[in-house]
$ cat run-v6.cif   # mmCIF, C-alpha atoms and all ligand atoms
data_coords
#
loop_
_atom_site.label_atom_id
_atom_site.label_comp_id
_atom_site.auth_asym_id
_atom_site.auth_seq_id
_atom_site.Cartn_x
_atom_site.Cartn_y
_atom_site.Cartn_z
CA MET A 1 9.28 -2.69 -18.86
CA GLY A 2 9.74 -3.65 -15.26
CA ALA A 3 10.15 -1.02 -12.62
CA TYR A 4 8.09 2.16 -12.75
CA SER A 5 8.97 5.35 -10.94
CA ILE A 6 7.02 5.82 -7.73
CA VAL A 7 4.47 8.61 -7.47
CA LYS A 8 5.18 10.89 -4.52
CA PHE A 9 2.92 12.88 -2.21
CA GLY A 10 1.43 15.90 -3.98
CA ASN A 11 0.51 13.95 -7.12
CA LYS A 12 -3.24 13.61 -7.50
CA ALA A 13 -2.94 9.98 -8.66
CA LEU A 14 -2.47 9.06 -5.00
CA ARG A 15 -5.92 10.43 -4.18
CA GLU A 16 -7.69 8.27 -6.78
CA LYS A 17 -9.99 5.53 -5.56
CA SER A 18 -9.13 2.23 -7.15
CA LYS A 19 -11.43 0.40 -9.53
CA VAL A 20 -12.46 -3.19 -8.91
CA VAL A 21 -10.61 -5.67 -11.12
CA GLU A 22 -13.32 -7.68 -12.88
CA ASP A 23 -11.08 -10.02 -14.81
CA VAL A 24 -7.69 -11.30 -13.67
CA ASN A 25 -6.02 -11.58 -17.06
CA ASP A 26 -2.48 -11.40 -18.42
CA ASP A 27 -2.50 -7.59 -18.30
CA ILE A 28 -3.21 -7.74 -14.57
CA ARG A 29 -0.54 -10.38 -14.05
CA LYS A 30 1.95 -8.20 -15.95
CA LEU A 31 0.97 -5.20 -13.82
CA ALA A 32 1.56 -7.23 -10.64
CA GLU A 33 4.95 -8.31 -11.96
CA ASP A 34 5.94 -4.72 -12.74
CA MET A 35 4.73 -3.60 -9.32
CA LEU A 36 6.92 -6.26 -7.68
CA ALA A 37 9.94 -5.06 -9.67
CA THR A 38 9.15 -1.47 -8.66
CA MET A 39 8.77 -2.31 -4.98
CA ARG A 40 11.98 -4.35 -4.91
CA GLU A 41 13.97 -1.64 -6.61
CA ALA A 42 12.70 0.84 -4.00
CA ASP A 43 13.39 -1.63 -1.18
CA GLY A 44 9.81 -1.44 0.10
CA ILE A 45 7.54 -3.96 1.83
CA GLY A 46 4.33 -2.87 0.12
CA LEU A 47 3.07 -1.02 -2.93
CA ALA A 48 -0.37 -0.09 -4.27
CA ALA A 49 -1.22 0.50 -7.94
CA GLU A 50 -1.92 4.20 -7.20
CA GLN A 51 1.76 4.59 -6.36
CA ILE A 52 2.69 3.92 -9.97
CA GLY A 53 -0.16 6.04 -11.32
CA ARG A 54 -2.62 3.20 -11.98
CA ASN A 55 -6.08 2.74 -10.53
CA GLU A 56 -6.68 -1.00 -10.58
CA ALA A 57 -7.47 -2.40 -7.11
CA ILE A 58 -4.15 -4.18 -6.72
CA CYS A 59 -1.54 -4.01 -4.03
CA ILE A 60 1.44 -6.13 -3.18
CA ILE A 61 3.13 -6.92 0.11
CA ASP A 62 6.45 -8.53 0.88
CA VAL A 63 7.26 -8.57 4.59
CA PRO A 64 10.17 -10.57 6.06
CA LYS A 65 9.42 -14.25 6.73
CA GLU A 66 9.28 -13.84 10.51
CA HIS A 67 6.41 -11.33 10.10
CA ALA A 68 4.58 -13.18 7.31
CA CYS A 69 2.14 -15.13 9.56
CA ASP A 70 3.07 -18.34 7.66
CA ILE A 71 1.82 -16.83 4.42
CA LYS A 72 3.96 -17.16 1.34
CA MET A 73 5.48 -13.83 0.26
CA PRO A 74 5.23 -11.81 -1.89
CA LEU A 75 1.50 -11.44 -1.65
CA VAL A 76 -0.47 -10.01 -4.58
CA LEU A 77 -3.83 -8.76 -3.34
CA ILE A 78 -6.49 -7.97 -5.93
CA ASN A 79 -9.77 -6.36 -4.77
CA LEU A 80 -8.56 -6.36 -1.17
CA LYS A 81 -11.19 -6.01 1.58
CA VAL A 82 -10.77 -6.09 5.34
CA ILE A 83 -13.70 -7.98 6.85
CA GLU A 84 -12.62 -8.18 10.51
CA LYS A 85 -10.42 -6.11 12.80
CA ASP A 86 -9.28 -6.63 16.33
CA GLY A 87 -6.98 -5.00 18.85
CA GLU A 88 -4.77 -1.95 18.50
CA LEU A 89 -1.25 -1.11 17.42
CA HIS A 90 0.62 2.17 17.46
CA GLU A 91 3.81 1.72 15.48
CA GLN A 92 6.12 3.69 13.23
CA GLU A 93 5.23 3.64 9.52
CA GLY A 94 6.80 4.90 6.37
CA CYS A 95 5.61 4.97 2.76
CA LEU A 96 7.45 4.87 -0.57
CA SER A 97 5.38 7.92 -1.61
CA PHE A 98 6.65 9.87 1.44
CA PRO A 99 10.45 9.58 1.39
CA ASP A 100 12.05 10.17 4.81
CA VAL A 101 8.74 10.55 6.61
CA TYR A 102 8.11 8.15 9.50
CA ILE A 103 5.21 8.59 11.89
CA LYS A 104 3.44 6.49 14.48
CA VAL A 105 0.07 5.34 13.15
CA HIS A 106 -2.87 3.78 14.98
CA ARG A 107 -3.86 0.49 13.35
CA SER A 108 -5.72 -2.67 14.25
CA LYS A 109 -3.49 -5.42 15.61
CA GLU A 110 -5.21 -8.20 13.69
CA VAL A 111 -7.16 -8.19 10.47
CA THR A 112 -8.96 -10.75 8.39
CA ALA A 113 -8.98 -9.77 4.75
CA THR A 114 -10.34 -11.20 1.53
CA TYR A 115 -8.79 -10.78 -1.90
CA THR A 116 -8.56 -12.34 -5.33
CA ASP A 117 -5.27 -14.00 -6.24
CA LEU A 118 -3.43 -14.01 -9.59
CA GLU A 119 -5.37 -17.11 -10.67
CA GLY A 120 -8.63 -15.29 -10.06
CA LYS A 121 -9.44 -17.30 -6.95
CA GLN A 122 -10.99 -15.78 -3.84
CA GLN A 123 -8.72 -16.01 -0.79
CA THR A 124 -8.90 -15.13 2.89
CA VAL A 125 -5.91 -14.06 4.95
CA LYS A 126 -5.55 -13.62 8.71
CA ALA A 127 -2.73 -11.32 9.69
CA THR A 128 -1.23 -9.81 12.78
CA GLY A 129 1.57 -7.36 13.55
CA LEU A 130 3.59 -6.00 10.63
CA LEU A 131 1.62 -7.92 7.98
CA SER A 132 -1.64 -6.64 9.45
CA ARG A 133 -0.32 -3.07 9.36
CA ALA A 134 0.92 -3.49 5.79
CA ILE A 135 -2.52 -4.73 4.68
CA GLN A 136 -4.20 -1.72 6.32
CA HIS A 137 -1.64 0.68 4.83
CA GLU A 138 -2.12 -0.68 1.29
CA LEU A 139 -5.90 -0.74 1.64
CA ASP A 140 -5.68 2.96 2.57
CA HIS A 141 -3.87 3.61 -0.74
CA LEU A 142 -6.64 1.84 -2.68
CA ASN A 143 -9.09 4.27 -1.07
CA GLY A 144 -6.93 7.34 -1.72
CA VAL A 145 -5.97 7.63 1.95
CA LEU A 146 -2.36 8.53 2.74
CA LEU A 147 0.11 8.62 5.60
CA VAL A 148 -0.47 12.37 5.91
CA ASP A 149 -4.13 11.70 6.76
CA HIS A 150 -3.03 9.77 9.84
CA MET A 151 -0.86 12.61 11.13
CA SER A 152 -1.74 14.36 14.35
CA PRO A 153 -1.44 18.17 14.33
CA VAL A 154 1.92 17.80 16.06
CA GLN A 155 3.18 15.27 13.50
CA LYS A 156 2.00 17.59 10.71
CA VAL A 157 3.97 20.49 12.12
CA ALA A 158 7.05 18.28 12.59
CA ASN A 159 6.88 17.13 8.94
CA ALA A 160 5.64 20.37 7.37
CA GLY A 161 8.94 21.17 5.64
CA LYS A 162 9.26 17.72 4.05
CA LEU A 163 5.61 17.69 2.94
CA LYS A 164 5.96 21.12 1.39
CA ARG A 165 9.07 20.11 -0.55
CA MET A 166 7.34 16.95 -1.82
CA LYS A 167 4.31 18.91 -2.99
CA ARG A 168 6.52 21.38 -4.79
CA ALA A 169 8.47 18.59 -6.52
CA ALA A 170 5.39 16.58 -7.56
CA LYS A 171 4.83 16.62 -11.29
CA PRO A 172 1.63 15.41 -12.88
CA ILE A 173 2.26 12.14 -14.64
CA PHE A 174 -0.73 12.20 -16.95
ZN ZN B 201 2.32 3.74 1.25
#

$ encode --input "run-v6.cif" --output "structure tokens"
Amino acid sequence: MGAYSIVKFGNKALREKSKVVEDVNDDIRKLAEDMLATMREADGIGLAAEQIGRNEAICIIDVPKEHACDIKMPLVLINLKVIEKDGELHEQEGCLSFPDVYIKVHRSKEVTATYTDLEGKQQTVKATGLLSRAIQHELDHLNGVLLVDHMSPVQKVANAGKLKRMKRAAKPIF
């Protein structure tokens, strides 16, 4: 139990669309706990269920306090939805499923998102900066969208070797 291994680019699990969590029960709470252990072991700031080969609509985020917009971390987001976006950011992003790949990604500067918490209660979160980007990045995962989909042709060429090696190394986990 505890940490899972993280699914890397090239594995089709990352392209799955997540399924809405209807009931926040002990299985879901256990999954969230295992995801936290996995993310911490990998030293990440966010992780979506797809990245451990699951398809429940759950992601977790743990950004440093100074970027947390006064929200208590770690954040477990079930059935995450972004309902408002504002402004623009163009910052460097990485992903635990793309080791050693860092690219600049266009994101909204601020987002308002809704989610269900581990008690099954509906919550709303307003985020800016790094937390806003993390929410958008994890929401992408829940929709099967990956860092590679944000790459410009130039970024794709620059990372072609790494992407190729990842695809070659990817083993189906099912
Ligand atoms: Zn990611």

$ atom_distance --input "run-v6.cif" --atom1 "CA of Val125 (chain A)" --atom2 "CA of Gly2 (chain A)"
27.6 Å

$ closest_residue --input "run-v6.cif" --among "A:Lys162, A:Lys167, A:His141, A:Lys8" --to "ligand ZN 201 (chain B)" --atoms "all atoms listed in the file"
A:His141

$ residues_around --input "run-v6.cif" --residues "Pro153 (chain A)" --least-positions-apart "6" --cutoff "12 Å" --atoms "only C-alpha atoms" --output "ChimeraX atom specification"
/A:103,159-160

$ residues_near_ligand --input "run-v6.cif" --ligand "ligand ZN 201 (chain B)" --cutoff "9 Å" --atoms "all atoms listed in the file" --output "PyMOL selection string"
chain A and resi 46-48+51+93-98+134+137-138+140-141+146-147

$ closest_atom_pairs --input "run-v6.cif" --of "region 92-153 of chain A" --to "region 17-32 of chain A" --cutoff "6 Å" --atoms "only C-alpha atoms" --output "Markdown table"
| residue | atom | partner | partner_atom | distance |
| --- | --- | --- | --- | --- |
| A:Gly120 | CA | A:Val24 | CA | 5.5 |
| A:Leu142 | CA | A:Ser18 | CA | 5.1 |
| A:Asn143 | CA | A:Lys17 | CA | 4.7 |
| A:Gly144 | CA | A:Lys17 | CA | 5.2 |

$ closest_residue --input "run-v6.cif" --among "A:Leu130, A:Gly53, A:Val154, A:Glu119" --to "His90 (chain A)" --atoms "only C-alpha atoms"
A:Leu130

$ closest_residue --input "run-v6.cif" --among "A:Arg107, A:Arg133, A:Arg168, A:Lys126" --to "Ile61 (chain A)" --atoms "all atoms listed in the file"
A:Arg133

$ atom_distance --input "run-v6.cif" --atom1 "CA of Ala37 (chain A)" --atom2 "CA of Leu118 (chain A)"
16.1 Å

$ atom_distance --input "run-v6.cif" --atom1 "CA of Ala127 (chain A)" --atom2 "CA of Asn55 (chain A)"
24.9 Å

$ closest_residue --input "run-v6.cif" --among "A:Lys65, A:Lys156, A:Lys121, A:Lys72" --to "Lys104 (chain A)" --atoms "all atoms listed in the file"
A:Lys156

$ residues_around --input "run-v6.cif" --residues "Thr112 (chain A)" --least-positions-apart "2" --cutoff "10 Å" --atoms "only C-alpha atoms" --output "PDB file with C-alpha atoms, in the coordinates of the input"
ATOM      1  CA  LYS A  81     -11.190  -6.010   1.580  1.00  0.00           C
ATOM      2  CA  VAL A  82     -10.770  -6.090   5.340  1.00  0.00           C
ATOM      3  CA  ILE A  83     -13.700  -7.980   6.850  1.00  0.00           C
ATOM      4  CA  GLU A  84     -12.620  -8.180  10.510  1.00  0.00           C
ATOM      5  CA  LYS A  85     -10.420  -6.110  12.800  1.00  0.00           C
ATOM      6  CA  ASP A  86      -9.280  -6.630  16.330  1.00  0.00           C
ATOM      7  CA  GLU A 110      -5.210  -8.200  13.690  1.00  0.00           C
ATOM      8  CA  THR A 114     -10.340 -11.200   1.530  1.00  0.00           C
ATOM      9  CA  THR A 124      -8.900 -15.130   2.890  1.00  0.00           C
ATOM     10  CA  VAL A 125      -5.910 -14.060   4.950  1.00  0.00           C
ATOM     11  CA  LYS A 126      -5.550 -13.620   8.710  1.00  0.00           C
ATOM     12  CA  ALA A 127      -2.730 -11.320   9.690  1.00  0.00           C
ATOM     13  CA  THR A 128      -1.230  -9.810  12.780  1.00  0.00           C
ATOM     14  CA  SER A 132      -1.640  -6.640   9.450  1.00  0.00           C
ATOM     15  CA  ILE A 135      -2.520  -4.730   4.680  1.00  0.00           C
TER      16      ILE A 135
END

$ residues_around --input "run-v6.cif" --residues "Gln122 (chain A)" --least-positions-apart "5" --cutoff "10 Å" --atoms "only C-alpha atoms" --output "PyMOL selection string"
chain A and resi 78-79+114-117

$ closest_residue --input "run-v6.cif" --among "A:Val105, A:Ala170, A:Cys69, A:Val157" --to "Leu89 (chain A)" --atoms "all atoms listed in the file"
A:Val105

$ closest_residue --input "run-v6.cif" --among "A:Val63, A:Ile6, A:Leu163, A:Leu77" --to "Gly129 (chain A)" --atoms "all atoms listed in the file"
A:Val63

$ decode --input "run-v6.cif" --residues "region 9-21 of chain A" --atoms "all heavy atoms" --output "short mmCIF file (atom, residue, chain, number, x, y, z; two decimals), in the first residue's frame"
data_model
loop_
_atom_site.label_atom_id
_atom_site.label_comp_id
_atom_site.auth_asym_id
_atom_site.auth_seq_id
_atom_site.Cartn_x
_atom_site.Cartn_y
_atom_site.Cartn_z
N PHE A 9 4.46 9.23 -19.96
CA PHE A 9 3.97 9.51 -21.31
C PHE A 9 4.19 8.30 -22.21
O PHE A 9 5.24 7.67 -22.18
CB PHE A 9 4.73 10.72 -21.89
CG PHE A 9 4.41 11.00 -23.33
CD1 PHE A 9 3.12 11.33 -23.73
CD2 PHE A 9 5.40 10.90 -24.30
CE1 PHE A 9 2.82 11.58 -25.06
CE2 PHE A 9 5.11 11.15 -25.64
CZ PHE A 9 3.82 11.49 -26.02
N GLY A 10 3.19 8.00 -23.02
CA GLY A 10 3.26 6.83 -23.91
C GLY A 10 2.30 5.76 -23.44
O GLY A 10 1.89 4.90 -24.20
N ASN A 11 1.91 5.81 -22.15
CA ASN A 11 0.95 4.85 -21.62
C ASN A 11 -0.46 5.38 -21.86
O ASN A 11 -0.76 6.53 -21.56
CB ASN A 11 1.20 4.68 -20.12
CG ASN A 11 0.39 3.55 -19.55
OD1 ASN A 11 -0.83 3.51 -19.71
ND2 ASN A 11 1.05 2.61 -18.91
N LYS A 12 -1.31 4.51 -22.40
CA LYS A 12 -2.64 5.00 -22.79
C LYS A 12 -3.53 5.39 -21.61
O LYS A 12 -4.51 6.12 -21.79
CB LYS A 12 -3.35 4.00 -23.72
CG LYS A 12 -3.68 2.67 -23.10
CD LYS A 12 -4.41 1.84 -24.17
CE LYS A 12 -4.68 0.42 -23.86
NZ LYS A 12 -5.00 -0.09 -22.59
N ALA A 13 -3.17 4.98 -20.42
CA ALA A 13 -3.95 5.37 -19.23
C ALA A 13 -4.01 6.89 -19.10
O ALA A 13 -5.00 7.44 -18.61
CB ALA A 13 -3.33 4.77 -17.97
N LEU A 14 -2.97 7.57 -19.58
CA LEU A 14 -2.93 9.03 -19.45
C LEU A 14 -3.92 9.72 -20.40
O LEU A 14 -4.20 10.90 -20.24
CB LEU A 14 -1.52 9.55 -19.74
CG LEU A 14 -0.46 9.20 -18.71
CD1 LEU A 14 0.91 9.67 -19.19
CD2 LEU A 14 -0.77 9.82 -17.36
N ARG A 15 -4.40 8.97 -21.38
CA ARG A 15 -5.35 9.55 -22.34
C ARG A 15 -6.80 9.28 -21.96
O ARG A 15 -7.73 9.69 -22.64
CB ARG A 15 -5.07 9.01 -23.75
CG ARG A 15 -3.75 9.52 -24.34
CD ARG A 15 -3.74 11.02 -24.42
NE ARG A 15 -2.62 11.56 -25.18
CZ ARG A 15 -2.41 12.86 -25.35
NH1 ARG A 15 -3.21 13.75 -24.79
NH2 ARG A 15 -1.38 13.29 -26.04
N GLU A 16 -7.00 8.54 -20.87
CA GLU A 16 -8.37 8.23 -20.41
C GLU A 16 -9.03 9.48 -19.86
O GLU A 16 -8.40 10.29 -19.20
CB GLU A 16 -8.31 7.19 -19.29
CG GLU A 16 -7.79 5.84 -19.71
CD GLU A 16 -8.83 5.04 -20.46
OE1 GLU A 16 -9.98 4.99 -20.00
OE2 GLU A 16 -8.49 4.47 -21.52
N LYS A 17 -10.32 9.59 -20.12
CA LYS A 17 -11.09 10.66 -19.47
C LYS A 17 -11.58 10.12 -18.15
O LYS A 17 -12.03 8.98 -18.05
CB LYS A 17 -12.28 11.03 -20.34
CG LYS A 17 -11.95 12.12 -21.33
CD LYS A 17 -13.22 12.80 -21.82
CE LYS A 17 -12.90 14.13 -22.43
NZ LYS A 17 -13.95 15.11 -22.33
N SER A 18 -11.52 10.95 -17.12
CA SER A 18 -11.89 10.45 -15.81
C SER A 18 -13.41 10.31 -15.67
O SER A 18 -14.17 10.93 -16.39
CB SER A 18 -11.37 11.40 -14.74
OG SER A 18 -11.96 12.65 -14.91
N LYS A 19 -13.79 9.46 -14.72
CA LYS A 19 -15.21 9.24 -14.45
C LYS A 19 -15.59 9.97 -13.17
O LYS A 19 -14.84 9.96 -12.19
CB LYS A 19 -15.47 7.74 -14.26
CG LYS A 19 -15.32 6.96 -15.54
CD LYS A 19 -16.15 5.67 -15.49
CE LYS A 19 -16.22 5.01 -16.86
NZ LYS A 19 -14.93 4.43 -17.29
N VAL A 20 -16.76 10.59 -13.21
CA VAL A 20 -17.26 11.35 -12.06
C VAL A 20 -17.35 10.42 -10.84
O VAL A 20 -17.79 9.28 -10.95
CB VAL A 20 -18.65 11.94 -12.39
CG1 VAL A 20 -19.31 12.53 -11.15
CG2 VAL A 20 -18.51 13.01 -13.47
N VAL A 21 -16.89 10.91 -9.71
CA VAL A 21 -17.02 10.16 -8.45
C VAL A 21 -18.40 10.46 -7.87
O VAL A 21 -18.70 11.59 -7.52
CB VAL A 21 -15.91 10.57 -7.45
CG1 VAL A 21 -16.11 9.88 -6.10
CG2 VAL A 21 -14.54 10.25 -8.03
#
